[in-house]
file structure-v3.cif (mmCIF, C-alpha atoms)
data_my_file
#
loop_
_atom_site.label_atom_id
_atom_site.label_comp_id
_atom_site.auth_asym_id
_atom_site.auth_seq_id
_atom_site.Cartn_x
_atom_site.Cartn_y
_atom_site.Cartn_z
CA MET A 270 0.00 0.00 0.00
CA THR A 271 1.40 3.36 -1.03
CA PRO A 272 1.73 6.16 1.50
CA PHE A 273 -0.88 8.06 -0.53
CA ARG A 274 -3.43 5.27 -0.16
CA THR A 275 -2.61 4.80 3.50
CA ALA A 276 -3.19 8.49 4.08
CA LEU A 277 -6.47 8.30 2.18
CA LEU A 278 -7.62 5.30 4.19
CA ALA A 279 -6.61 6.98 7.43
CA ALA A 280 -8.55 10.08 6.41
CA ALA A 281 -11.53 7.96 5.44
CA PHE A 282 -11.52 5.99 8.68
CA ALA A 283 -11.12 9.12 10.77
CA THR A 284 -14.50 10.30 9.51
CA LEU A 285 -16.23 6.98 10.19
CA ALA A 286 -17.51 5.32 13.30
CA LEU A 287 -15.39 2.46 14.63
CA PRO A 288 -16.13 -0.82 12.83
CA ALA A 289 -19.18 -2.55 14.29
CA LEU A 290 -18.82 -6.17 15.38
CA ALA A 291 -21.29 -9.05 15.52
CA GLY A 292 -19.72 -12.41 16.34
CA SER A 293 -17.09 -13.04 13.68
CA ILE A 294 -18.57 -10.38 11.39
CA THR A 295 -17.04 -6.89 11.17
CA VAL A 296 -18.95 -4.10 9.42
CA GLU A 297 -16.48 -1.90 7.57
CA GLU A 298 -16.78 1.41 5.72
CA PRO A 299 -20.52 1.85 5.99
CA TRP A 300 -22.00 4.80 4.10
CA ALA A 301 -25.34 5.91 2.77
CA ARG A 302 -26.24 8.27 -0.05
CA ALA A 303 -27.89 11.53 0.75
CA SER A 304 -31.39 11.44 -0.67
CA ALA A 305 -31.79 14.05 -3.40
CA GLY A 306 -34.72 16.42 -3.49
CA MET A 307 -37.99 14.73 -2.59
CA ALA A 308 -36.67 11.22 -3.20
CA LYS A 309 -38.33 8.69 -0.92
CA ALA A 310 -35.84 5.93 -1.66
CA GLY A 311 -32.31 5.63 -0.30
CA ALA A 312 -29.45 3.19 -0.21
CA ALA A 313 -26.66 2.22 2.19
CA PHE A 314 -23.47 0.35 1.38
CA LEU A 315 -20.87 -1.44 3.50
CA THR A 316 -18.38 -4.26 3.60
CA LEU A 317 -19.02 -7.30 5.78
CA ARG A 318 -15.86 -9.12 6.81
CA ASN A 319 -16.16 -12.60 8.23
CA ASP A 320 -13.15 -13.75 10.29
CA GLY A 321 -14.82 -17.04 11.17
CA ASP A 322 -14.48 -20.26 9.20
CA ALA A 323 -18.21 -20.75 8.72
CA PRO A 324 -20.18 -18.70 6.22
CA ASP A 325 -22.92 -16.42 7.52
CA ARG A 326 -25.74 -14.59 5.81
CA LEU A 327 -27.09 -11.08 6.15
CA VAL A 328 -30.80 -11.84 6.28
CA GLY A 329 -32.28 -8.44 6.99
CA ALA A 330 -31.92 -4.84 8.05
CA LYS A 331 -34.09 -2.68 10.29
CA SER A 332 -34.25 1.09 10.65
CA ASP A 333 -36.59 3.82 11.78
CA ALA A 334 -35.42 5.88 8.82
CA SER A 335 -38.00 4.49 6.44
CA ALA A 336 -41.28 2.59 6.21
CA LYS A 337 -39.47 -0.43 4.77
CA VAL A 338 -35.87 -1.61 4.65
CA GLU A 339 -34.91 -4.33 2.19
CA LEU A 340 -31.79 -6.02 0.89
CA HIS A 341 -31.43 -5.47 -2.82
CA THR A 342 -29.14 -6.50 -5.60
CA HIS A 343 -28.65 -5.39 -9.18
CA LYS A 344 -28.44 -7.46 -12.29
CA ASN A 345 -26.90 -5.92 -15.38
CA VAL A 346 -28.64 -7.53 -18.34
CA ASP A 347 -27.24 -6.11 -21.60
CA GLY A 348 -26.79 -2.70 -20.02
CA VAL A 349 -30.23 -2.69 -18.37
CA MET A 350 -29.89 -2.41 -14.60
CA MET A 351 -32.50 -4.46 -12.80
CA MET A 352 -32.85 -3.90 -9.07
CA ARG A 353 -34.38 -6.80 -7.16
CA PRO A 354 -34.97 -7.66 -3.51
CA VAL A 355 -32.92 -10.59 -2.21
CA GLU A 356 -33.63 -12.77 0.84
CA ALA A 357 -30.05 -12.81 2.04
CA ILE A 358 -26.50 -11.78 1.20
CA LEU A 359 -23.86 -14.47 1.74
CA VAL A 360 -20.75 -13.60 3.74
CA PRO A 361 -18.26 -16.41 3.05
CA GLY A 362 -16.10 -17.84 5.84
CA LYS A 363 -12.68 -16.13 6.00
CA GLY A 364 -14.01 -13.74 3.38
CA SER A 365 -16.14 -10.68 2.85
CA ALA A 366 -19.19 -9.36 1.07
CA MET A 367 -19.13 -5.87 -0.40
CA LEU A 368 -22.37 -3.97 -0.67
CA LYS A 369 -21.53 -1.26 -3.19
CA PRO A 370 -23.10 0.94 -5.88
CA GLY A 371 -24.30 -1.10 -8.84
CA GLY A 372 -24.36 -4.26 -6.73
CA ASP A 373 -25.94 -5.17 -3.41
CA HIS A 374 -27.26 -2.54 -1.03
CA VAL A 375 -29.49 -1.91 1.94
CA MET A 376 -32.52 -0.17 0.47
CA PHE A 377 -34.65 2.36 2.33
CA MET A 378 -38.18 2.58 0.94
CA GLY A 379 -40.48 5.38 2.02
CA LEU A 380 -37.96 7.57 3.87
CA ASN A 381 -39.50 9.29 6.90
CA LYS A 382 -37.15 12.22 6.39
CA PRO A 383 -34.36 13.01 3.92
CA LEU A 384 -30.94 11.43 4.39
CA VAL A 385 -28.73 14.49 4.86
CA GLU A 386 -25.03 14.58 4.01
CA GLY A 387 -22.90 14.80 7.17
CA GLN A 388 -25.55 13.16 9.37
CA SER A 389 -25.83 9.45 10.06
CA VAL A 390 -28.57 6.88 9.81
CA SER A 391 -28.99 4.09 12.36
CA VAL A 392 -29.48 0.61 10.91
CA THR A 393 -29.63 -2.77 12.64
CA LEU A 394 -28.19 -5.53 10.49
CA VAL A 395 -29.52 -9.02 11.12
CA PHE A 396 -27.28 -12.02 10.50
CA GLU A 397 -28.38 -15.63 10.43
CA LYS A 398 -25.68 -16.75 12.87
CA ALA A 399 -24.00 -13.65 14.27
CA GLY A 400 -27.28 -12.08 15.33
CA GLU A 401 -27.97 -8.36 15.26
CA VAL A 402 -25.63 -5.40 15.17
CA LYS A 403 -26.57 -1.73 15.18
CA VAL A 404 -24.52 0.47 12.86
CA ALA A 405 -24.43 4.26 12.66
CA ILE A 406 -24.05 4.78 8.92
CA PRO A 407 -22.56 8.14 7.85
CA VAL A 408 -24.40 9.89 5.03
CA LYS A 409 -22.25 10.99 2.08
CA ALA A 410 -23.11 13.24 -0.88
CA ALA A 411 -25.94 12.20 -3.19
CA GLY A 412 -23.44 11.66 -6.01
CA ALA A 413 -20.86 9.83 -3.87
CA MET A 414 -19.48 6.63 -5.28
CA GLY A 415 -17.74 5.20 -2.23
CA ALA A 416 -17.03 5.66 1.48
CA MET A 417 -13.87 7.61 0.67
CA PRO A 418 -13.75 11.32 -0.11
CA LYS A 419 -14.94 12.37 -3.55
CA GLY A 420 -12.50 11.46 -6.29
CA ALA A 421 -10.38 9.19 -4.11
CA MET A 422 -11.91 6.05 -5.60
CA ASP A 423 -10.54 6.91 -9.04
CA HIS A 424 -6.99 6.47 -7.83
CA SER A 425 -7.48 3.04 -6.33
CA LYS A 426 -6.52 1.25 -9.54
CA HIS A 427 -3.21 3.02 -10.01
CA MET B 1158 -20.64 6.20 -36.28
CA ARG B 1159 -20.62 8.71 -39.13
CA LYS B 1160 -21.33 6.13 -41.81
CA GLY B 1161 -23.92 7.11 -44.39
CA GLY B 1162 -27.07 5.07 -44.92
CA ALA B 1163 -25.60 3.16 -47.86
CA ALA B 1164 -22.51 2.07 -45.94
CA THR B 1165 -24.61 0.91 -42.99
CA ALA B 1166 -26.88 -1.14 -45.26
CA PHE B 1167 -23.82 -2.81 -46.83
CA VAL B 1168 -22.53 -3.85 -43.39
CA LEU B 1169 -25.94 -5.26 -42.55
CA LEU B 1170 -26.06 -7.33 -45.76
CA LEU B 1171 -22.64 -8.85 -45.16
CA ALA B 1172 -23.30 -9.51 -41.50
CA GLY B 1173 -26.69 -10.98 -42.33
CA ALA B 1174 -24.99 -13.83 -44.15
CA ALA B 1175 -22.61 -14.39 -41.23
CA GLY B 1176 -25.27 -14.54 -38.54
CA ALA B 1177 -27.53 -12.02 -36.93
CA ARG B 1178 -25.86 -12.22 -33.55
CA LEU B 1179 -22.70 -10.59 -34.91
CA LEU B 1180 -24.55 -7.64 -36.44
CA PRO B 1181 -23.18 -4.27 -35.47
CA VAL B 1182 -26.26 -2.45 -34.28
CA PRO B 1183 -26.83 0.67 -36.37
CA PRO B 1184 -26.54 3.68 -34.09
CA ALA B 1185 -29.69 4.85 -32.34
CA PRO B 1186 -31.24 7.91 -34.04
CA ALA B 1187 -30.73 9.99 -30.88
CA PHE B 1188 -31.79 13.59 -31.58
CA VAL B 1189 -31.41 13.44 -35.39
CA ASP B 1190 -35.12 13.05 -36.20
CA ALA B 1191 -36.46 13.97 -32.78
CA SER B 1192 -40.16 14.76 -33.00
CA PHE B 1193 -40.76 14.61 -29.24
CA HIS B 1194 -40.84 17.66 -27.05
CA LEU B 1195 -39.77 17.70 -23.42
CA VAL B 1196 -40.06 20.22 -20.59
CA ASP B 1197 -37.19 21.28 -18.34
CA SER B 1198 -37.35 21.98 -14.61
CA GLN B 1199 -38.09 25.66 -15.28
CA GLY B 1200 -41.04 24.69 -17.42
CA ARG B 1201 -39.35 25.59 -20.70
CA SER B 1202 -40.20 23.49 -23.73
CA HIS B 1203 -37.41 21.70 -25.64
CA VAL B 1204 -37.86 20.50 -29.19
CA ARG B 1205 -35.48 19.08 -31.80
CA GLN B 1206 -33.53 22.25 -32.58
CA ASP B 1207 -32.94 22.84 -28.86
CA PHE B 1208 -31.09 19.53 -28.66
CA LEU B 1209 -28.82 20.44 -31.60
CA GLY B 1210 -26.00 22.95 -31.98
CA THR B 1211 -24.12 21.75 -28.90
CA PRO B 1212 -23.04 18.21 -28.05
CA SER B 1213 -25.05 16.58 -25.27
CA LEU B 1214 -24.46 14.00 -22.56
CA ILE B 1215 -27.71 12.20 -21.85
CA LEU B 1216 -28.76 9.96 -18.98
CA PHE B 1217 -32.20 8.41 -18.61
CA GLY B 1218 -33.45 7.60 -15.10
CA TYR B 1219 -35.98 8.52 -12.43
CA THR B 1220 -35.82 10.35 -9.14
CA SER B 1221 -37.07 7.42 -7.02
CA CYS B 1222 -34.03 5.42 -8.14
CA PRO B 1223 -31.79 4.88 -5.10
CA ASP B 1224 -28.57 3.69 -6.62
CA VAL B 1225 -28.16 3.44 -10.38
CA CYS B 1226 -29.30 7.00 -11.14
CA PRO B 1227 -27.37 8.72 -8.31
CA THR B 1228 -24.29 6.77 -9.39
CA GLY B 1229 -24.85 7.77 -13.01
CA LEU B 1230 -25.42 11.42 -12.09
CA GLY B 1231 -22.36 11.41 -9.83
CA ARG B 1232 -20.30 10.03 -12.71
CA MET B 1233 -21.82 12.58 -15.07
CA ALA B 1234 -21.00 15.45 -12.68
CA GLU B 1235 -17.43 14.24 -12.27
CA THR B 1236 -17.05 13.88 -16.04
CA LEU B 1237 -18.32 17.45 -16.52
CA ALA B 1238 -15.84 18.68 -13.92
CA ARG B 1239 -13.02 17.03 -15.87
CA LEU B 1240 -14.24 18.65 -19.12
CA ASP B 1241 -14.63 22.10 -17.56
CA ALA B 1242 -11.37 23.40 -18.98
CA ASP B 1243 -12.44 22.50 -22.52
CA GLY B 1244 -14.16 25.02 -24.75
CA ASN B 1245 -16.75 22.55 -25.99
CA ARG B 1246 -18.00 20.91 -22.84
CA PRO B 1247 -21.25 19.16 -23.73
CA ARG B 1248 -24.52 20.13 -22.10
CA ALA B 1249 -25.78 17.47 -19.68
CA LEU B 1250 -29.35 16.16 -19.73
CA PHE B 1251 -31.24 13.87 -17.36
CA ILE B 1252 -34.44 12.60 -18.96
CA THR B 1253 -36.93 10.97 -16.59
CA LEU B 1254 -38.46 7.62 -17.43
CA ASP B 1255 -41.07 8.21 -14.73
CA PRO B 1256 -43.09 11.20 -15.98
CA GLU B 1257 -46.09 10.23 -13.81
CA ARG B 1258 -44.12 10.87 -10.61
CA ASP B 1259 -41.34 13.15 -11.86
CA GLY B 1260 -42.76 16.57 -12.52
CA ALA B 1261 -40.50 19.45 -13.60
CA GLU B 1262 -40.05 20.83 -10.09
CA ARG B 1263 -39.31 17.44 -8.55
CA ILE B 1264 -36.58 16.78 -11.11
CA GLY B 1265 -35.07 20.22 -10.50
CA ASP B 1266 -34.88 19.60 -6.73
CA TYR B 1267 -33.38 16.17 -7.33
CA LEU B 1268 -30.68 17.35 -9.71
CA ALA B 1269 -29.69 20.25 -7.44
CA ALA B 1270 -28.12 17.62 -5.15
CA PHE B 1271 -25.75 16.55 -7.93
CA ASP B 1272 -24.77 19.32 -10.31
CA SER B 1273 -26.82 22.37 -11.21
CA ARG B 1274 -25.47 22.15 -14.77
CA ILE B 1275 -27.41 18.94 -15.39
CA GLN B 1276 -30.70 19.88 -17.04
CA GLY B 1277 -33.71 17.75 -16.03
CA LEU B 1278 -36.34 16.92 -18.63
CA THR B 1279 -39.79 15.39 -18.39
CA GLY B 1280 -42.86 15.25 -20.61
CA SER B 1281 -46.01 13.29 -21.25
CA PRO B 1282 -45.58 9.50 -20.99
CA ALA B 1283 -45.85 9.29 -24.78
CA GLU B 1284 -43.18 11.97 -25.37
CA VAL B 1285 -40.85 10.39 -22.84
CA ALA B 1286 -41.36 6.96 -24.43
CA GLN B 1287 -40.45 8.47 -27.82
CA ALA B 1288 -37.28 10.02 -26.41
CA ALA B 1289 -36.29 6.70 -24.82
CA LYS B 1290 -36.95 4.93 -28.10
CA ALA B 1291 -34.73 7.38 -29.98
CA PHE B 1292 -31.84 6.26 -27.77
CA ARG B 1293 -32.97 2.60 -27.66
CA VAL B 1294 -33.35 2.90 -23.92
CA TYR B 1295 -35.21 -0.03 -22.39
CA HIS B 1296 -37.54 0.84 -19.52
CA ALA B 1297 -40.15 -1.19 -17.69
CA LYS B 1298 -42.02 -0.61 -14.44
CA VAL B 1299 -41.59 -3.33 -11.83
CA GLY B 1300 -43.77 -3.72 -8.75
CA GLY B 1301 -46.97 -2.07 -7.62
CA GLU B 1302 -47.64 1.31 -6.10
CA ASP B 1303 -44.03 1.75 -4.99
CA TYR B 1304 -42.75 0.67 -8.39
CA ARG B 1305 -39.17 0.67 -9.61
CA ILE B 1306 -38.10 1.00 -13.21
CA ASP B 1307 -35.69 -1.36 -14.91
CA HIS B 1308 -33.80 0.74 -17.39
CA THR B 1309 -30.75 1.05 -19.59
CA ALA B 1310 -28.07 2.66 -17.43
CA ALA B 1311 -25.87 4.05 -20.21
CA ILE B 1312 -24.70 7.65 -20.48
CA PHE B 1313 -24.94 8.76 -24.11
CA LEU B 1314 -22.95 11.33 -26.04
CA ALA B 1315 -24.74 13.01 -28.95
CA GLY B 1316 -22.97 15.39 -31.29
CA ALA B 1317 -24.00 18.93 -32.17
CA ASP B 1318 -25.79 17.39 -35.18
CA GLY B 1319 -27.85 15.20 -32.86
CA ARG B 1320 -26.15 11.94 -33.87
CA LEU B 1321 -25.18 9.36 -31.28
CA LEU B 1322 -21.38 9.42 -30.92
CA ALA B 1323 -20.79 7.12 -27.96
CA SER B 1324 -22.45 5.38 -25.07
CA PHE B 1325 -20.84 4.64 -21.73
CA GLY B 1326 -21.68 1.75 -19.44
CA PRO B 1327 -22.12 1.91 -15.67
CA ASP B 1328 -18.55 0.71 -15.12
CA ASP B 1329 -16.80 3.34 -17.25
CA PRO B 1330 -14.92 5.68 -14.90
CA PRO B 1331 -15.39 9.47 -15.35
CA GLU B 1332 -11.73 9.89 -16.28
CA ALA B 1333 -12.05 7.48 -19.21
CA MET B 1334 -15.37 9.01 -20.22
CA ALA B 1335 -13.89 12.51 -20.30
CA THR B 1336 -10.98 11.29 -22.44
CA GLU B 1337 -13.31 9.55 -24.90
CA ILE B 1338 -15.67 12.54 -25.06
CA ARG B 1339 -12.75 14.86 -25.88
CA ARG B 1340 -11.59 12.46 -28.57
CA ARG B 1341 -15.08 12.12 -30.10
CA LEU B 1342 -15.77 15.84 -30.09
CA ALA B 1343 -12.37 16.62 -31.61
CA SER B 1344 -12.75 14.25 -34.57
#

call {"tool": "encode", "arguments": {"input": "structure-v3.cif", "output": "structure tokens"}}
result
Amino acid sequence: MTPFRTALLAAAFATLALPALAGSITVEEPWARASAGMAKAGAAFLTLRNDGDAPDRLVGAKSDASAKVELHTHKNVDGVMMMRPVEAILVPGKGSAMLKPGGDHVMFMGLNKPLVEGQSVSVTLVFEKAGEVKVAIPVKAAGAMGAMPKGAMDHSKH
Amino acid sequence: MRKGGAATAFVLLLAGAAGARLLPVPPAPAFVDASFHLVDSQGRSHVRQDFLGTPSLILFGYTSCPDVCPTGLGRMAETLARLDADGNRPRALFITLDPERDGAERIGDYLAAFDSRIQGLTGSPAEVAQAAKAFRVYHAKVGGEDYRIDHTAAIFLAGADGRLLASFGPDDPPEAMATEIRRRLAS
């Protein structure tokens, strides 16, 4: 890891809550998108790291932020993005699951109030084995593409 | 992309013998023959000639879209920022696929969270469907009252003449898009 990336990560982590733990599962780099305008739908993203040998599954999410909270995934079929609810998201043993834009996410449906950049949204993640863990998810800009500061993601491939 | 009608037909004939799956799709008509009219967030009407004269970046979506559209708009805003130094930065358009829910004001409020330079457009369901068809954008409502819309997530580049010059997929980074847009607009 280059000093530049280390500094970026340090900067990113400094702005985030400490990683939340549930059993062998660690919740890393959680973030949600600010809802734009009168949008009633929102999304949160995070990485689930499993240090245990056995796989676990994220089977639900609960929050007072919206009328409904669902787990969703995207399928890209010939350039058409299809968003669908999923029953669970697998977190492999000694592995991780990334919920990220264009893929899996925690979906807020019927937001009770807007998700505002700089604030945080409280979500309880429910795992099949590890049980429940409450996460304070920081809200990033509506056009954010990752947990890191704007633009930082573009340099990750260099 | 700038092939004439005759050249395109020739390609189709040759490819037809080789198998339809390998056909290069002729470019979508984009704004060339646009007969639809759309309304921006200030209530101004936009017809064919308003889409010509300046290159355009176009994204189709809807404001109740929690991930794909914000990601697309974020990428569009970052691409515009990278093109800012250029004299011929394209205009940026966001055309709703959800005209029943997305009125002009709602789109304006939504886009303000991304980049005020992105112009929101809506219209009657029929006009919007025509615009989507001109770019071969697939869109279908899924679900009931709280419906989502499956839709093509590409960002399109149309030239000053209204022709489609390029389309970018959801995985194309803004840096690469800006480079390709410069290249297309220079040639």

call {"tool": "resolve_selection", "arguments": {"input": "structure-v3.cif", "expression": "the PyMOL selection byres ((chain B) within 9 of (chain A))", "output": "number ranges by chain"}}
result
B: 1220-1225, 1227-1232, 1234-1235, 1263-1272, 1294-1296, 1303, 1305-1311, 1326-1328, 1330-1332

call {"tool": "write_last_selection", "arguments": {"input": "structure-v3.cif", "atoms": "C-alpha atoms", "output": "PDB file, in the frame of the given file"}}
result
ATOM      1  CA  THR B1220     -35.820  10.350  -9.140  1.00  0.00           C
ATOM      2  CA  SER B1221     -37.070   7.420  -7.020  1.00  0.00           C
ATOM      3  CA  CYS B1222     -34.030   5.420  -8.140  1.00  0.00           C
ATOM      4  CA  PRO B1223     -31.790   4.880  -5.100  1.00  0.00           C
ATOM      5  CA  ASP B1224     -28.570   3.690  -6.620  1.00  0.00           C
ATOM      6  CA  VAL B1225     -28.160   3.440 -10.380  1.00  0.00           C
ATOM      7  CA  PRO B1227     -27.370   8.720  -8.310  1.00  0.00           C
ATOM      8  CA  THR B1228     -24.290   6.770  -9.390  1.00  0.00           C
ATOM      9  CA  GLY B1229     -24.850   7.770 -13.010  1.00  0.00           C
ATOM     10  CA  LEU B1230     -25.420  11.420 -12.090  1.00  0.00           C
ATOM     11  CA  GLY B1231     -22.360  11.410  -9.830  1.00  0.00           C
ATOM     12  CA  ARG B1232     -20.300  10.030 -12.710  1.00  0.00           C
ATOM     13  CA  ALA B1234     -21.000  15.450 -12.680  1.00  0.00           C
ATOM     14  CA  GLU B1235     -17.430  14.240 -12.270  1.00  0.00           C
ATOM     15  CA  ARG B1263     -39.310  17.440  -8.550  1.00  0.00           C
ATOM     16  CA  ILE B1264     -36.580  16.780 -11.110  1.00  0.00           C
ATOM     17  CA  GLY B1265     -35.070  20.220 -10.500  1.00  0.00           C
ATOM     18  CA  ASP B1266     -34.880  19.600  -6.730  1.00  0.00           C
ATOM     19  CA  TYR B1267     -33.380  16.170  -7.330  1.00  0.00           C
ATOM     20  CA  LEU B1268     -30.680  17.350  -9.710  1.00  0.00           C
ATOM     21  CA  ALA B1269     -29.690  20.250  -7.440  1.00  0.00           C
ATOM     22  CA  ALA B1270     -28.120  17.620  -5.150  1.00  0.00           C
ATOM     23  CA  PHE B1271     -25.750  16.550  -7.930  1.00  0.00           C
ATOM     24  CA  ASP B1272     -24.770  19.320 -10.310  1.00  0.00           C
ATOM     25  CA  VAL B1294     -33.350   2.900 -23.920  1.00  0.00           C
ATOM     26  CA  TYR B1295     -35.210  -0.030 -22.390  1.00  0.00           C
ATOM     27  CA  HIS B1296     -37.540   0.840 -19.520  1.00  0.00           C
ATOM     28  CA  ASP B1303     -44.030   1.750  -4.990  1.00  0.00           C
ATOM     29  CA  ARG B1305     -39.170   0.670  -9.610  1.00  0.00           C
ATOM     30  CA  ILE B1306     -38.100   1.000 -13.210  1.00  0.00           C
ATOM     31  CA  ASP B1307     -35.690  -1.360 -14.910  1.00  0.00           C
ATOM     32  CA  HIS B1308     -33.800   0.740 -17.390  1.00  0.00           C
ATOM     33  CA  THR B1309     -30.750   1.050 -19.590  1.00  0.00           C
ATOM     34  CA  ALA B1310     -28.070   2.660 -17.430  1.00  0.00           C
ATOM     35  CA  ALA B1311     -25.870   4.050 -20.210  1.00  0.00           C
ATOM     36  CA  GLY B1326     -21.680   1.750 -19.440  1.00  0.00           C
ATOM     37  CA  PRO B1327     -22.120   1.910 -15.670  1.00  0.00           C
ATOM     38  CA  ASP B1328     -18.550   0.710 -15.120  1.00  0.00           C
ATOM     39  CA  PRO B1330     -14.920   5.680 -14.900  1.00  0.00           C
ATOM     40  CA  PRO B1331     -15.390   9.470 -15.350  1.00  0.00           C
ATOM     41  CA  GLU B1332     -11.730   9.890 -16.280  1.00  0.00           C
TER      42      GLU B1332
END

call {"tool": "residues_around", "arguments": {"input": "structure-v3.cif", "residues": "Ile1215 in chain B", "least_positions_apart": "2", "cutoff": "8 Å", "atoms": "all atoms listed in the file", "output": "MDAnalysis selection string"}}
result
chainID B and resid 1213 1217 1249:1252 1312:1315

call {"tool": "atom_distance", "arguments": {"input": "structure-v3.cif", "atom1": "CA of Ala416 in chain A", "atom2": "CA of Met1233 in chain B"}}
result
18.6 Å

call {"tool": "resolve_selection", "arguments": {"input": "structure-v3.cif", "expression": "the PyMOL selection byres ((chain A and resi 358) around 7)", "output": "PDB file with C-alpha atoms, keeping the file's coordinate frame"}}
result
ATOM      1  CA  ARG A 326     -25.740 -14.590   5.810  1.00  0.00           C
ATOM      2  CA  LEU A 327     -27.090 -11.080   6.150  1.00  0.00           C
ATOM      3  CA  VAL A 328     -30.800 -11.840   6.280  1.00  0.00           C
ATOM      4  CA  ALA A 357     -30.050 -12.810   2.040  1.00  0.00           C
ATOM      5  CA  LEU A 359     -23.860 -14.470   1.740  1.00  0.00           C
ATOM      6  CA  VAL A 360     -20.750 -13.600   3.740  1.00  0.00           C
TER       7      VAL A 360
END

call {"tool": "resolve_selection", "arguments": {"input": "structure-v3.cif", "expression": "the PyMOL selection byres ((chain A and resi 287-301) around 8)", "output": "number ranges by chain"}}
result
A: 282, 285-286, 302-303, 311-321, 390, 399-404, 406-409, 415-416

call {"tool": "residues_around", "arguments": {"input": "structure-v3.cif", "residues": "range 1318-1325 of chain B", "least_positions_apart": "4", "cutoff": "12 Å", "atoms": "all atoms listed in the file", "output": "compact mmCIF listing (two decimals) with C-alpha atoms, keeping the file's coordinate frame"}}
result
# COMPACT_ATOMS: atom_id res chain seq x y z
CA GLY A 348 -26.79 -2.70 -20.02
CA MET B 1158 -20.64 6.20 -36.28
CA ARG B 1159 -20.62 8.71 -39.13
CA LYS B 1160 -21.33 6.13 -41.81
CA GLY B 1161 -23.92 7.11 -44.39
CA PRO B 1183 -26.83 0.67 -36.37
CA PRO B 1184 -26.54 3.68 -34.09
CA ALA B 1185 -29.69 4.85 -32.34
CA PRO B 1186 -31.24 7.91 -34.04
CA ALA B 1187 -30.73 9.99 -30.88
CA PHE B 1188 -31.79 13.59 -31.58
CA VAL B 1189 -31.41 13.44 -35.39
CA ASP B 1190 -35.12 13.05 -36.20
CA ALA B 1191 -36.46 13.97 -32.78
CA VAL B 1204 -37.86 20.50 -29.19
CA ARG B 1205 -35.48 19.08 -31.80
CA GLN B 1206 -33.53 22.25 -32.58
CA ASP B 1207 -32.94 22.84 -28.86
CA PHE B 1208 -31.09 19.53 -28.66
CA LEU B 1209 -28.82 20.44 -31.60
CA GLY B 1210 -26.00 22.95 -31.98
CA THR B 1211 -24.12 21.75 -28.90
CA PRO B 1212 -23.04 18.21 -28.05
CA SER B 1213 -25.05 16.58 -25.27
CA LEU B 1214 -24.46 14.00 -22.56
CA ILE B 1215 -27.71 12.20 -21.85
CA LEU B 1216 -28.76 9.96 -18.98
CA GLY B 1229 -24.85 7.77 -13.01
CA ARG B 1232 -20.30 10.03 -12.71
CA MET B 1233 -21.82 12.58 -15.07
CA THR B 1236 -17.05 13.88 -16.04
CA PRO B 1247 -21.25 19.16 -23.73
CA ALA B 1291 -34.73 7.38 -29.98
CA PHE B 1292 -31.84 6.26 -27.77
CA ARG B 1293 -32.97 2.60 -27.66
CA VAL B 1294 -33.35 2.90 -23.92
CA THR B 1309 -30.75 1.05 -19.59
CA ALA B 1310 -28.07 2.66 -17.43
CA ALA B 1311 -25.87 4.05 -20.21
CA ILE B 1312 -24.70 7.65 -20.48
CA PHE B 1313 -24.94 8.76 -24.11
CA LEU B 1314 -22.95 11.33 -26.04
CA ASP B 1329 -16.80 3.34 -17.25
CA PRO B 1330 -14.92 5.68 -14.90
CA PRO B 1331 -15.39 9.47 -15.35
CA GLU B 1332 -11.73 9.89 -16.28
CA ALA B 1333 -12.05 7.48 -19.21
CA MET B 1334 -15.37 9.01 -20.22
CA ALA B 1335 -13.89 12.51 -20.30
CA THR B 1336 -10.98 11.29 -22.44
CA GLU B 1337 -13.31 9.55 -24.90
CA ILE B 1338 -15.67 12.54 -25.06
CA ARG B 1339 -12.75 14.86 -25.88
CA ARG B 1340 -11.59 12.46 -28.57
CA ARG B 1341 -15.08 12.12 -30.10
CA LEU B 1342 -15.77 15.84 -30.09
CA ALA B 1343 -12.37 16.62 -31.61
CA SER B 1344 -12.75 14.25 -34.57

call {"tool": "atom_distance", "arguments": {"input": "structure-v3.cif", "atom1": "CA of Pro383 in chain A", "atom2": "CA of Gly329 in chain A"}}
result
21.8 Å

call {"tool": "closest_residue", "arguments": {"input": "structure-v3.cif", "among": "A:Gln388, A:Glu356, A:Glu339, A:Lys363", "to": "Ala323 in chain A", "atoms": "all atoms listed in the file"}}
result
A:Lys363

call {"tool": "atom_distance", "arguments": {"input": "structure-v3.cif", "atom1": "CA of Ala1297 in chain B", "atom2": "CA of Lys337 in chain A"}}
result
22.5 Å

call {"tool": "residues_around", "arguments": {"input": "structure-v3.cif", "residues": "Ser332 in chain A", "least_positions_apart": "3", "cutoff": "7 Å", "atoms": "only C-alpha atoms", "output": "PyMOL selection string"}}
result
chain A and resi 335+338+391-393
